[in-house]
$ cat query_8.csv   # CSV, C-alpha atoms and all ligand atoms
chain,number,residue,atom,x,y,z
F,1,MET,CA,0.0,0.0,0.0
F,2,LYS,CA,1.0,3.6,-0.5
F,3,PHE,CA,2.7,5.8,2.1
F,4,ASP,CA,-0.4,7.9,2.9
F,5,THR,CA,-2.5,4.8,3.6
F,6,ARG,CA,0.2,3.2,5.7
F,7,SER,CA,0.6,6.4,7.8
F,8,ILE,CA,-3.0,5.7,9.0
F,9,HIS,CA,-3.1,1.9,9.1
F,10,ALA,CA,0.3,0.3,9.5
F,11,GLY,CA,0.8,-1.3,12.9
F,12,ARG,CA,-2.8,-0.6,14.0
F,13,LYS,CA,-6.1,-2.4,13.9
F,14,PRO,CA,-9.4,-1.9,15.7
F,15,ASP,CA,-9.3,-3.2,19.3
F,16,PRO,CA,-10.5,-6.8,19.2
F,17,SER,CA,-12.4,-6.5,22.6
F,18,THR,CA,-14.2,-3.2,21.9
F,19,GLY,CA,-13.9,-2.4,18.2
F,20,ALA,CA,-12.3,1.0,19.1
F,21,ILE,CA,-10.7,2.6,16.0
F,22,SER,CA,-8.2,4.6,18.2
F,23,THR,CA,-5.4,2.4,19.5
F,24,SER,CA,-6.0,1.8,23.2
F,25,ILE,CA,-3.6,3.3,25.7
F,26,CYS,CA,-2.4,0.3,27.6
F,27,GLN,CA,-1.5,2.1,30.8
F,28,THR,CA,-0.1,-0.7,32.8
F,29,SER,CA,3.4,-1.5,34.2
F,30,THR,CA,3.0,-5.3,34.3
F,31,PHE,CA,1.0,-8.2,32.8
F,32,VAL,CA,-0.4,-11.3,34.4
F,33,PHE,CA,1.3,-14.6,33.4
F,34,GLU,CA,-0.8,-17.3,31.9
F,35,ASP,CA,0.8,-19.9,34.1
F,36,TYR,CA,3.9,-20.8,36.1
F,37,LYS,CA,6.9,-20.2,33.7
F,38,GLN,CA,4.4,-19.0,31.0
F,39,PRO,CA,4.3,-15.3,30.4
F,40,GLY,CA,1.7,-14.1,27.8
F,41,GLU,CA,2.7,-11.9,24.8
F,42,TYR,CA,3.7,-9.1,27.2
F,43,ASP,CA,5.2,-9.4,30.7
F,44,TYR,CA,6.5,-5.9,31.7
F,45,SER,CA,6.0,-2.6,30.0
F,46,ARG,CA,9.7,-1.6,29.8
F,47,THR,CA,10.3,-4.8,27.8
F,48,GLY,CA,7.2,-4.4,25.6
F,49,ASN,CA,3.8,-2.6,25.7
F,50,PRO,CA,1.0,-2.9,23.1
F,51,THR,CA,0.5,0.8,22.6
F,52,ARG,CA,4.3,1.3,22.2
F,53,ASN,CA,4.5,-1.7,19.9
F,54,ALA,CA,1.8,-0.3,17.6
F,55,LEU,CA,3.9,2.9,17.2
F,56,GLU,CA,7.0,0.8,16.7
F,57,ASP,CA,5.4,-1.3,13.9
F,58,ALA,CA,4.0,1.8,12.2
F,59,VAL,CA,7.4,3.7,12.1
F,60,ALA,CA,9.2,0.5,11.0
F,61,ASN,CA,6.7,0.1,8.2
F,62,LEU,CA,7.0,3.7,7.0
F,63,GLU,CA,10.8,3.5,7.0
F,64,GLY,CA,10.9,0.1,5.3
F,65,GLY,CA,12.8,-1.6,8.1
F,66,ASN,CA,12.3,-5.0,9.8
F,67,LYS,CA,11.6,-3.7,13.3
F,68,GLY,CA,10.9,-0.5,15.2
F,69,PHE,CA,11.6,0.7,18.7
F,70,ALA,CA,10.2,3.7,20.5
F,71,PHE,CA,12.1,5.7,23.1
F,72,SER,CA,11.4,8.3,25.8
F,73,SER,CA,13.2,11.0,23.7
F,74,GLY,CA,15.2,11.4,20.6
F,75,MET,CA,18.3,11.5,22.8
F,76,ALA,CA,17.3,8.2,24.4
F,77,ALA,CA,17.3,6.7,20.9
F,78,VAL,CA,20.7,8.3,20.2
F,79,SER,CA,22.1,7.1,23.5
F,80,THR,CA,20.8,3.6,22.8
F,81,ALA,CA,22.2,3.4,19.3
F,82,ILE,CA,25.6,4.7,20.3
F,83,HIS,CA,25.8,1.8,22.9
F,84,LEU,CA,26.1,-0.5,19.9
F,85,LEU,CA,29.8,0.6,20.2
F,86,LYS,CA,32.2,-0.4,22.9
F,87,ALA,CA,35.4,1.0,24.5
F,88,GLY,CA,38.1,1.3,21.8
F,89,ASP,CA,35.7,1.8,18.9
F,90,HIS,CA,35.6,4.9,16.7
F,91,ALA,CA,32.8,6.5,14.8
F,92,VAL,CA,32.8,9.0,11.9
F,93,VAL,CA,30.2,11.6,12.5
F,94,GLY,CA,28.8,14.5,10.4
F,95,ASP,CA,30.2,17.8,11.7
F,96,ASP,CA,27.0,19.8,11.9
F,97,ILE,CA,24.7,17.3,13.6
F,98,TYR,CA,22.2,18.1,16.3
F,99,GLY,CA,23.9,19.9,19.2
F,100,GLY,CA,22.7,17.4,21.8
F,101,THR,CA,24.0,14.5,19.8
F,102,HIS,CA,27.3,16.3,19.5
F,103,ARG,CA,27.5,16.8,23.3
F,104,LEU,CA,26.6,13.2,24.1
F,105,PHE,CA,29.3,11.9,21.8
F,106,SER,CA,32.1,14.4,22.5
F,107,GLU,CA,31.6,15.0,26.2
F,108,ILE,CA,29.9,11.9,27.6
F,109,MET,CA,30.7,8.8,25.4
F,110,THR,CA,34.4,9.8,25.1
F,111,GLN,CA,34.6,9.2,28.9
F,112,TYR,CA,33.8,5.5,28.2
F,113,GLY,CA,36.6,5.1,25.6
F,114,ILE,CA,34.6,5.6,22.4
F,115,GLU,CA,36.2,8.0,20.0
F,116,PHE,CA,34.7,10.3,17.3
F,117,THR,CA,35.9,12.2,14.3
F,118,PHE,CA,33.5,14.9,13.2
F,119,THR,CA,33.8,15.7,9.5
F,120,ARG,CA,31.8,17.0,6.6
F,121,LEU,CA,30.4,13.9,4.9
F,122,ASN,CA,30.2,15.5,1.5
F,123,SER,CA,32.9,13.6,-0.5
F,124,ARG,CA,34.4,10.2,-0.6
F,125,GLU,CA,37.8,11.7,0.2
F,126,ASN,CA,36.6,13.4,3.4
F,127,ILE,CA,34.9,10.2,4.7
F,128,GLU,CA,37.7,7.8,3.8
F,129,GLU,CA,40.2,10.2,5.4
F,130,ALA,CA,38.3,10.0,8.7
F,131,ILE,CA,38.1,6.2,8.8
F,132,GLN,CA,40.6,4.5,11.2
F,133,PRO,CA,41.4,0.9,11.9
F,134,ASP,CA,39.0,0.9,14.9
F,135,THR,CA,36.2,2.7,13.0
F,136,LYS,CA,32.9,0.8,13.4
F,137,MET,CA,30.2,3.3,12.5
F,138,ILE,CA,29.3,6.3,10.3
F,139,TRP,CA,26.6,8.7,11.7
F,140,ILE,CA,24.7,10.9,9.3
F,141,GLU,CA,22.1,13.6,9.4
F,142,THR,CA,20.8,14.7,6.1
F,143,PRO,CA,19.6,17.4,5.7
F,144,SER,CA,21.8,18.5,8.6
F,145,ASN,CA,21.0,20.8,11.4
F,146,PRO,CA,20.9,23.8,11.1
F,147,LEU,CA,22.7,24.3,7.7
F,148,LEU,CA,20.7,21.7,5.7
F,149,ASN,CA,23.9,20.1,4.2
F,150,ILE,CA,23.1,17.1,2.1
F,151,THR,CA,24.9,13.8,2.4
F,152,ASP,CA,24.8,11.3,-0.4
F,153,LEU,CA,23.4,8.2,1.3
F,154,GLU,CA,24.3,5.8,-1.5
F,155,LEU,CA,27.9,7.0,-1.3
F,156,VAL,CA,28.2,6.6,2.5
F,157,ALA,CA,26.6,3.1,2.3
F,158,ASP,CA,29.0,2.1,-0.4
F,159,ILE,CA,32.1,3.3,1.6
F,160,ALA,CA,30.6,1.6,4.7
F,161,LYS,CA,30.2,-1.7,2.9
F,162,GLU,CA,33.8,-1.6,1.7
F,163,ASN,CA,35.0,-1.0,5.3
F,164,GLN,CA,32.4,-3.1,7.1
F,165,LEU,CA,31.0,-0.2,9.0
F,166,LEU,CA,27.5,0.2,10.5
F,167,THR,CA,25.6,3.2,9.1
F,168,VAL,CA,23.1,5.2,11.2
F,169,ALA,CA,21.0,8.0,9.7
F,170,ASP,CA,19.2,10.4,12.0
F,171,ASN,CA,16.1,11.0,9.7
F,172,THR,CA,14.3,13.5,12.0
F,173,PHE,CA,14.5,16.4,9.5
F,174,PRO,CA,13.1,14.9,6.4
F,175,SER,CA,10.8,12.3,8.1
F,176,PRO,CA,10.1,9.1,6.2
F,177,TYR,CA,7.7,11.0,4.0
F,178,PHE,CA,10.5,12.7,2.2
F,179,LEU,CA,13.4,10.3,2.7
F,180,ARG,CA,13.8,6.6,3.6
F,181,PRO,CA,17.5,6.0,4.2
F,182,ILE,CA,17.1,2.2,4.2
F,183,GLU,CA,16.3,2.4,0.5
F,184,TYR,CA,19.9,3.6,0.0
F,185,GLY,CA,21.5,0.9,2.0
F,186,ILE,CA,21.6,2.5,5.5
F,187,ASP,CA,21.5,0.0,8.4
F,188,LEU,CA,19.8,1.9,11.1
F,189,VAL,CA,17.4,4.9,11.1
F,190,LEU,CA,16.7,7.1,14.0
F,191,HIS,CA,14.2,9.8,14.9
F,192,SER,CA,13.4,12.4,17.4
F,193,THR,CA,9.6,11.7,17.1
F,194,THR,CA,9.2,14.9,19.1
F,195,LYS,CA,9.5,16.7,15.7
F,196,TYR,CA,7.6,15.8,12.5
F,197,ILE,CA,6.5,12.3,13.3
F,198,ASN,CA,4.4,13.6,16.2
F,199,GLY,CA,4.1,17.1,14.7
F,200,HIS,CA,2.1,18.9,17.4
F,201,SER,CA,4.8,20.2,19.8
F,202,ASP,CA,3.2,18.3,22.7
F,203,VAL,CA,5.4,15.3,23.4
F,204,ILE,CA,9.1,14.2,23.6
F,205,GLY,CA,9.9,10.9,22.0
F,206,GLY,CA,12.4,8.9,19.8
F,207,ALA,CA,12.5,5.9,17.5
F,208,ILE,CA,14.9,3.5,15.9
F,209,VAL,CA,14.2,1.3,12.9
F,210,THR,CA,16.5,-1.6,12.1
F,211,THR,CA,17.2,-3.7,9.0
F,212,THR,CA,18.3,-7.1,10.3
F,213,ASP,CA,17.1,-9.4,13.1
F,214,GLU,CA,20.6,-9.2,14.6
F,215,LEU,CA,20.5,-5.4,14.9
F,216,ALA,CA,16.9,-5.6,16.1
F,217,ASP,CA,17.9,-8.0,18.9
F,218,LYS,CA,20.8,-5.8,19.9
F,219,ILE,CA,18.6,-2.6,20.0
F,220,HIS,CA,15.9,-4.3,22.0
F,221,PHE,CA,18.5,-5.7,24.4
F,222,LEU,CA,19.9,-2.2,25.0
F,223,LEU,CA,16.4,-0.5,25.2
F,224,ASN,CA,15.3,-3.0,27.8
F,225,GLY,CA,18.6,-3.1,29.6
F,226,MET,CA,19.0,0.7,29.7
F,227,GLY,CA,15.3,1.5,30.3
F,228,THR,CA,15.2,4.0,27.4
F,229,ASN,CA,11.6,3.0,26.3
F,230,ALA,CA,8.7,5.3,25.4
F,231,ALA,CA,5.6,5.5,27.7
F,232,PRO,CA,2.2,4.3,26.5
F,233,PHE,CA,0.5,7.7,26.6
F,234,ASP,CA,3.4,9.3,24.7
F,235,SER,CA,3.3,6.5,22.1
F,236,TRP,CA,-0.4,7.1,21.7
F,237,LEU,CA,0.0,10.8,21.1
F,238,ILE,CA,2.7,10.1,18.5
F,239,LEU,CA,0.5,7.5,16.7
F,240,ARG,CA,-2.2,10.1,16.6
F,241,GLY,CA,0.2,12.6,15.0
F,242,LEU,CA,1.5,10.1,12.6
F,243,LYS,CA,-1.8,9.7,10.8
F,244,THR,CA,-1.5,13.2,9.3
F,245,LEU,CA,2.3,13.1,8.6
F,246,PRO,CA,1.9,13.1,4.8
F,247,LEU,CA,-0.6,16.1,4.8
F,248,ARG,CA,1.6,18.0,7.2
F,249,MET,CA,4.9,17.4,5.4
F,250,LYS,CA,3.4,18.5,2.0
F,251,LYS,CA,2.2,21.8,3.6
F,252,HIS,CA,5.5,22.3,5.6
F,253,ALA,CA,7.5,22.0,2.3
F,254,GLU,CA,5.1,24.2,0.3
F,255,ASN,CA,5.4,27.0,2.9
F,256,ALA,CA,9.2,26.5,3.3
F,257,ILE,CA,10.0,26.9,-0.4
F,258,ALA,CA,7.8,30.1,-0.6
F,259,ILE,CA,9.7,31.5,2.4
F,260,ALA,CA,13.1,30.5,1.0
F,261,GLU,CA,12.3,32.2,-2.2
F,262,PHE,CA,11.2,35.3,-0.3
F,263,LEU,CA,14.3,35.4,1.8
F,264,ILE,CA,16.8,34.9,-1.0
F,265,ASP,CA,15.8,38.2,-2.6
F,266,HIS,CA,15.8,40.2,0.7
F,267,PRO,CA,18.6,42.8,1.1
F,268,LYS,CA,19.0,42.1,4.8
F,269,VAL,CA,19.7,38.4,4.2
F,270,SER,CA,23.1,37.3,3.0
F,271,GLU,CA,22.6,33.6,2.5
F,272,VAL,CA,19.6,31.1,2.5
F,273,PHE,CA,20.0,27.4,3.3
F,274,TYR,CA,17.2,25.3,1.8
F,275,PRO,CA,17.9,22.1,-0.2
F,276,GLY,CA,15.0,22.8,-2.5
F,277,LEU,CA,16.7,25.9,-3.9
F,278,PRO,CA,18.7,25.1,-7.1
F,279,SER,CA,21.5,27.3,-5.7
F,280,HIS,CA,21.9,25.0,-2.7
F,281,PRO,CA,25.2,23.0,-3.0
F,282,GLY,CA,23.3,19.7,-2.1
F,283,TYR,CA,20.4,20.3,-4.5
F,284,GLU,CA,21.2,17.7,-7.1
F,285,ILE,CA,21.8,14.9,-4.5
F,286,ALA,CA,18.7,16.0,-2.5
F,287,LYS,CA,16.7,15.8,-5.7
F,288,LYS,CA,18.0,12.3,-6.4
F,289,GLN,CA,17.3,10.8,-3.0
F,290,MET,CA,14.4,12.8,-1.5
F,291,ASP,CA,10.8,13.2,-2.4
F,292,GLY,CA,10.7,16.7,-1.1
F,293,TYR,CA,12.9,19.1,0.8
F,294,GLY,CA,11.2,19.5,4.2
F,295,GLY,CA,10.1,22.4,6.4
F,296,ILE,CA,13.3,23.9,7.8
F,297,VAL,CA,14.8,27.0,6.3
F,298,SER,CA,17.9,28.6,7.7
F,299,PHE,CA,19.5,31.9,6.7
F,300,LYS,CA,22.2,34.4,7.6
F,301,LEU,CA,21.0,37.8,8.7
F,302,LYS,CA,23.0,40.9,7.9
F,303,SER,CA,21.3,43.1,10.5
F,304,ASP,CA,20.6,42.7,14.3
F,305,VAL,CA,19.4,39.3,15.4
F,306,GLY,CA,17.7,40.5,18.6
F,307,ASN,CA,15.7,43.2,16.8
F,308,PHE,CA,14.7,40.7,14.0
F,309,ILE,CA,13.4,38.2,16.5
F,310,ARG,CA,11.6,40.9,18.6
F,311,GLY,CA,10.0,42.2,15.4
F,312,LEU,CA,8.2,38.9,14.7
F,313,ASP,CA,4.7,38.1,16.0
F,314,LEU,CA,3.8,34.8,14.3
F,315,PHE,CA,7.2,33.0,14.5
F,316,LEU,CA,7.7,32.1,18.1
F,317,LEU,CA,11.1,32.1,19.7
F,318,ALA,CA,11.6,28.5,20.8
F,319,GLU,CA,13.9,25.6,20.3
F,320,SER,CA,12.6,22.4,18.5
F,321,LEU,CA,10.9,22.1,15.2
F,322,GLY,CA,8.4,20.1,13.2
F,323,GLY,CA,5.2,21.3,14.8
F,324,ALA,CA,2.1,23.0,13.4
F,325,ASP,CA,3.3,26.4,14.9
F,326,SER,CA,6.1,28.2,13.1
F,327,LEU,CA,9.2,28.7,15.3
F,328,VAL,CA,12.3,30.8,15.0
F,329,GLU,CA,15.6,30.2,16.8
F,330,HIS,CA,19.2,31.5,17.0
F,331,ALA,CA,21.3,28.4,16.4
F,332,ALA,CA,24.5,29.6,18.2
F,333,THR,CA,22.8,30.5,21.5
F,334,MET,CA,20.0,27.9,21.4
F,335,SER,CA,19.9,24.6,19.6
F,336,HIS,CA,23.7,24.5,19.1
F,337,ALA,CA,24.9,26.1,22.3
F,338,SER,CA,25.7,22.7,23.6
F,339,MET,CA,28.1,22.1,20.7
F,340,GLY,CA,30.7,24.6,21.9
F,341,GLU,CA,32.2,27.5,20.0
F,342,SER,CA,35.1,25.7,18.2
F,343,ALA,CA,32.8,22.8,16.9
F,344,ARG,CA,30.3,25.4,15.8
F,345,LYS,CA,33.0,27.3,13.9
F,346,GLN,CA,34.2,24.1,12.2
F,347,ALA,CA,30.6,23.4,11.1
F,348,GLY,CA,30.1,27.0,9.9
F,349,ILE,CA,27.4,27.8,12.4
F,350,THR,CA,28.2,31.5,12.7
F,351,ASP,CA,26.4,33.9,15.1
F,352,ASP,CA,24.2,35.3,12.2
F,353,VAL,CA,22.5,31.9,11.5
F,354,ILE,CA,18.7,31.9,12.1
F,355,ARG,CA,16.7,28.7,11.8
F,356,LEU,CA,13.0,28.7,11.0
F,357,SER,CA,10.8,25.7,11.6
F,358,VAL,CA,8.1,26.6,9.0
F,359,GLY,CA,4.7,25.6,10.4
F,360,LEU,CA,1.3,25.0,8.8
F,361,GLU,CA,0.0,28.6,8.8
F,362,ASP,CA,-0.9,30.4,5.6
F,363,SER,CA,2.4,31.2,3.8
F,364,ASP,CA,1.3,34.8,3.0
F,365,ASP,CA,0.9,35.5,6.8
F,366,LEU,CA,4.3,33.9,7.5
F,367,ILE,CA,6.1,36.0,4.8
F,368,GLU,CA,4.4,39.1,6.0
F,369,ASP,CA,5.6,38.4,9.5
F,370,LEU,CA,9.2,37.8,8.4
F,371,SER,CA,9.0,40.9,6.3
F,372,ARG,CA,8.0,43.0,9.4
F,373,GLY,CA,10.8,41.4,11.5
F,374,LEU,CA,13.4,42.1,8.8
F,375,GLU,CA,12.2,45.7,8.5
F,376,ARG,CA,12.7,46.2,12.2
F,377,SER,CA,16.1,44.4,12.4
F,401,LIG,C1,15.6,17.2,18.4
F,401,LIG,C2,16.6,16.3,17.8
F,401,LIG,C3,17.2,15.2,18.5
F,401,LIG,C4,16.9,15.0,19.9
F,401,LIG,O1,15.6,14.6,20.2
F,401,LIG,P1,14.8,14.9,21.6
F,401,LIG,O2,13.5,14.4,21.3
F,401,LIG,O3,14.8,16.4,21.8
F,401,LIG,O4,15.6,14.2,22.6
F,401,LIG,C5,18.1,14.4,17.8
F,401,LIG,N1,18.3,14.6,16.5
F,401,LIG,C6,17.8,15.6,15.8
F,401,LIG,C7,18.1,15.8,14.3
F,401,LIG,C8,16.9,16.5,16.4
F,401,LIG,O5,16.4,17.5,15.7
$ encode --input "query_8.csv" --output "structure tokens" --more "lines below"
Ligand SMILES: *Cc1c(COP(=O)(O)O)cnc(C)c1O
Amino acid sequence: MKFDTRSIHAGRKPDPSTGAISTSICQTSTFVFEDYKQPGEYDYSRTGNPTRNALEDAVANLEGGNKGFAFSSGMAAVSTAIHLLKAGDHAVVGDDIYGGTHRLFSEIMTQYGIEFTFTRLNSRENIEEAIQPDTKMIWIETPSNPLLNITDLELVADIAKENQLLTVADNTFPSPYFLRPIEYGIDLVLHSTTKYINGHSDVIGGAIVTTTDELADKIHFLLNGMGTNAAPFDSWLILRGLKTLPLRMKKHAENAIAIAEFLIDHPKVSEVFYPGLPSHPGYEIAKKQMDGYGGIVSFKLKSDVGNFIRGLDLFLLAESLGGADSLVEHAATMSHASMGESARKQAGITDDVIRLSVGLEDSDDLIEDLSRGLERS
């Protein structure tokens, strides 16, 4: 079945005991055994829960993987995935990834003997140069955050195969509606479901989708062992959001391209980052591997950042992205503050970078709002 249909039905069926269309919230910690030494399908909600499992099956289906796992946050999913490595292992990581992921890797996981090289994953030479004898993993975000750099997933998967490395793609920005990394040979896909998959700025969650039984067993072992699982109510909210993912993504992308085209001609804007613009350096690869370019637009402002932000009414000043409400944020002091100044500098996240999470409002109103903000900046 087609993606739009699967967004609504995959992993879900009416409740057999009541006929309820909406997946029931199975709010229980534990499940009664059928007999001595005989647990039923479920025994304890950390290990498995029917509401969570419905979400896990739905996300796995949309990404085209074999199994899905739902976590209490995107960072819980990232933490779980990075525990596939052990002391002495090394990972090659994109240099402009989510600030929290950068902090976890560089400041926490390094304390346990795992090493990281952060580099731009935009050419075979760059990637191969970063690979060491102990390298086990390549970690990708495409489009990246906040500069929307594009990584060629087929190229990374090819290099990884040659070097027997595991590939992980954080697919939060495009969502499976616009990009399914598994189709290009990526081993493991990860989400902050807080963002587009839930889409309503009202829950924190994460997900991982695997491609083999071996990887699925390892991830479930870690999820259960570390206790990084999602709660039933959160899983239900995310399932509810998922039903409208295709509709929302279409509108986010429509609004985003209209805004990118408005900004590119504005005298107070020096550079616009949106992979749907033919001038974007990753445009050709994005066109090849994505079905659309998403709802995030970043740009460099020539004038005063504070005055610009204060001049906006509709775009609210907040971190996060992917919700119905449009948001504006200053990458260096907000989403990417945890990255540290030198890593920001390496990634090109200068103090004039503004990131917009373009919401579902009317694009004329959004452009008018930005126009007012720019005027006052
Ligand atoms: C937000 C985000 C995360 C972290 O997710 P949380 O749900 O906030 O824990 C990870 N990766 C990307 C790309 C994100 O945008």
$ closest_residue --input "query_8.csv" --among "F:Ala207, F:Leu62, F:Leu179, F:Ile257" --to "ligand LIG 401 (chain F)" --atoms "all atoms listed in the file"
F:Ala207
$ residues_near_point --input "query_8.csv" --point "(7.8, 37.0, 15.9)" --cutoff "12 Å" --atoms "only C-alpha atoms" --output "mmCIF file with C-alpha atoms, in the frame of the given file"
data_model
loop_
_atom_site.group_PDB
_atom_site.id
_atom_site.type_symbol
_atom_site.label_atom_id
_atom_site.label_comp_id
_atom_site.auth_asym_id
_atom_site.auth_seq_id
_atom_site.Cartn_x
_atom_site.Cartn_y
_atom_site.Cartn_z
ATOM 1 C CA VAL F 305 19.400 39.300 15.400
ATOM 2 C CA GLY F 306 17.700 40.500 18.600
ATOM 3 C CA ASN F 307 15.700 43.200 16.800
ATOM 4 C CA PHE F 308 14.700 40.700 14.000
ATOM 5 C CA ILE F 309 13.400 38.200 16.500
ATOM 6 C CA ARG F 310 11.600 40.900 18.600
ATOM 7 C CA GLY F 311 10.000 42.200 15.400
ATOM 8 C CA LEU F 312 8.200 38.900 14.700
ATOM 9 C CA ASP F 313 4.700 38.100 16.000
ATOM 10 C CA LEU F 314 3.800 34.800 14.300
ATOM 11 C CA PHE F 315 7.200 33.000 14.500
ATOM 12 C CA LEU F 316 7.700 32.100 18.100
ATOM 13 C CA LEU F 317 11.100 32.100 19.700
ATOM 14 C CA ALA F 318 11.600 28.500 20.800
ATOM 15 C CA ASP F 325 3.300 26.400 14.900
ATOM 16 C CA SER F 326 6.100 28.200 13.100
ATOM 17 C CA LEU F 327 9.200 28.700 15.300
ATOM 18 C CA VAL F 328 12.300 30.800 15.000
ATOM 19 C CA GLU F 329 15.600 30.200 16.800
ATOM 20 C CA LEU F 356 13.000 28.700 11.000
ATOM 21 C CA ASP F 365 0.900 35.500 6.800
ATOM 22 C CA LEU F 366 4.300 33.900 7.500
ATOM 23 C CA ILE F 367 6.100 36.000 4.800
ATOM 24 C CA GLU F 368 4.400 39.100 6.000
ATOM 25 C CA ASP F 369 5.600 38.400 9.500
ATOM 26 C CA LEU F 370 9.200 37.800 8.400
ATOM 27 C CA SER F 371 9.000 40.900 6.300
ATOM 28 C CA ARG F 372 8.000 43.000 9.400
ATOM 29 C CA GLY F 373 10.800 41.400 11.500
ATOM 30 C CA LEU F 374 13.400 42.100 8.800
ATOM 31 C CA ARG F 376 12.700 46.200 12.200
ATOM 32 C CA SER F 377 16.100 44.400 12.400
#
$ residues_near_ligand --input "query_8.csv" --ligand "ligand LIG 401 (chain F)" --cutoff "8 Å" --atoms "only C-alpha atoms and all ligand atoms" --output "JSON list (two decimals) with C-alpha atoms, in the coordinates of the input"
[["chain", "number", "residue", "atom", "x", "y", "z"],
["F", 72, "SER", "CA", 11.40, 8.30, 25.80],
["F", 73, "SER", "CA", 13.20, 11.00, 23.70],
["F", 74, "GLY", "CA", 15.20, 11.40, 20.60],
["F", 75, "MET", "CA", 18.30, 11.50, 22.80],
["F", 76, "ALA", "CA", 17.30, 8.20, 24.40],
["F", 77, "ALA", "CA", 17.30, 6.70, 20.90],
["F", 78, "VAL", "CA", 20.70, 8.30, 20.20],
["F", 97, "ILE", "CA", 24.70, 17.30, 13.60],
["F", 98, "TYR", "CA", 22.20, 18.10, 16.30],
["F", 100, "GLY", "CA", 22.70, 17.40, 21.80],
["F", 101, "THR", "CA", 24.00, 14.50, 19.80],
["F", 141, "GLU", "CA", 22.10, 13.60, 9.40],
["F", 144, "SER", "CA", 21.80, 18.50, 8.60],
["F", 145, "ASN", "CA", 21.00, 20.80, 11.40],
["F", 170, "ASP", "CA", 19.20, 10.40, 12.00],
["F", 171, "ASN", "CA", 16.10, 11.00, 9.70],
["F", 172, "THR", "CA", 14.30, 13.50, 12.00],
["F", 173, "PHE", "CA", 14.50, 16.40, 9.50],
["F", 191, "HIS", "CA", 14.20, 9.80, 14.90],
["F", 192, "SER", "CA", 13.40, 12.40, 17.40],
["F", 193, "THR", "CA", 9.60, 11.70, 17.10],
["F", 194, "THR", "CA", 9.20, 14.90, 19.10],
["F", 195, "LYS", "CA", 9.50, 16.70, 15.70],
["F", 204, "ILE", "CA", 9.10, 14.20, 23.60],
["F", 205, "GLY", "CA", 9.90, 10.90, 22.00],
["F", 206, "GLY", "CA", 12.40, 8.90, 19.80],
["F", 320, "SER", "CA", 12.60, 22.40, 18.50],
["F", 321, "LEU", "CA", 10.90, 22.10, 15.20]]
$ residues_around --input "query_8.csv" --residues "Asp351 of chain F" --least-positions-apart "6" --cutoff "9 Å" --atoms "only C-alpha atoms" --output "PyMOL selection string"
chain F and resi 300+305+330-333
$ residues_around --input "query_8.csv" --residues "segment 81-94 of chain F" --least-positions-apart "2" --cutoff "10 Å" --atoms "only C-alpha atoms" --output "VMD selection string"
chain F and resid 75 to 79 96 to 98 101 to 102 104 to 105 109 to 122 127 to 142 144 149 151 165 to 168 188 to 190 208 215 218 to 219 222 to 223 226 347
$ residues_around --input "query_8.csv" --residues "Glu284 of chain F" --least-positions-apart "2" --cutoff "12 Å" --atoms "only C-alpha atoms" --output "list in words"
Asn149, Ile150, Thr151, Asp152, Pro275, Gly276, Leu277, Pro278, Ser279, His280, Pro281, Gly282, Ala286, Lys287, Lys288, Gln289, Met290 and Tyr293 of chain F
$ write_last_selection --input "query_8.csv" --atoms "C-alpha atoms" --output "CSV table (one decimal), in the coordinates of the input"
chain,number,residue,atom,x,y,z
F,149,ASN,CA,23.9,20.1,4.2
F,150,ILE,CA,23.1,17.1,2.1
F,151,THR,CA,24.9,13.8,2.4
F,152,ASP,CA,24.8,11.3,-0.4
F,275,PRO,CA,17.9,22.1,-0.2
F,276,GLY,CA,15.0,22.8,-2.5
F,277,LEU,CA,16.7,25.9,-3.9
F,278,PRO,CA,18.7,25.1,-7.1
F,279,SER,CA,21.5,27.3,-5.7
F,280,HIS,CA,21.9,25.0,-2.7
F,281,PRO,CA,25.2,23.0,-3.0
F,282,GLY,CA,23.3,19.7,-2.1
F,286,ALA,CA,18.7,16.0,-2.5
F,287,LYS,CA,16.7,15.8,-5.7
F,288,LYS,CA,18.0,12.3,-6.4
F,289,GLN,CA,17.3,10.8,-3.0
F,290,MET,CA,14.4,12.8,-1.5
F,293,TYR,CA,12.9,19.1,0.8
$ residues_around --input "query_8.csv" --residues "Ser363 of chain F" --least-positions-apart "6" --cutoff "9 Å" --atoms "all atoms listed in the file" --output "list in words"
Glu254, Asn255, Ala256, Ala258 and Ile259 of chain F
$ write_last_selection --input "query_8.csv" --atoms "C-alpha atoms" --output "mmCIF file, in the coordinates of the input"
data_model
loop_
_atom_site.group_PDB
_atom_site.id
_atom_site.type_symbol
_atom_site.label_atom_id
_atom_site.label_comp_id
_atom_site.auth_asym_id
_atom_site.auth_seq_id
_atom_site.Cartn_x
_atom_site.Cartn_y
_atom_site.Cartn_z
ATOM 1 C CA GLU F 254 5.100 24.200 0.300
ATOM 2 C CA ASN F 255 5.400 27.000 2.900
ATOM 3 C CA ALA F 256 9.200 26.500 3.300
ATOM 4 C CA ALA F 258 7.800 30.100 -0.600
ATOM 5 C CA ILE F 259 9.700 31.500 2.400
#
$ atom_distance --input "query_8.csv" --atom1 "atom CA of Asp43 of chain F" --atom2 "atom CA of Asp187 of chain F"
29.2 Å
$ atom_distance --input "query_8.csv" --atom1 "atom CA of Pro176 of chain F" --atom2 "atom CA of Met1 of chain F"
14.9 Å
$ residues_around --input "query_8.csv" --residues "Phe233 of chain F" --least-positions-apart "2" --cutoff "12 Å" --atoms "all atoms listed in the file" --output "list of chain:residue names"
F:Thr23, F:Ser24, F:Ile25, F:Cys26, F:Gln27, F:Thr28, F:Asn49, F:Pro50, F:Thr51, F:Arg52, F:Leu55, F:Ser72, F:Asp202, F:Val203, F:Ile204, F:Gly205, F:Ala230, F:Ala231, F:Ser235, F:Trp236, F:Leu237, F:Ile238, F:Leu239, F:Arg240
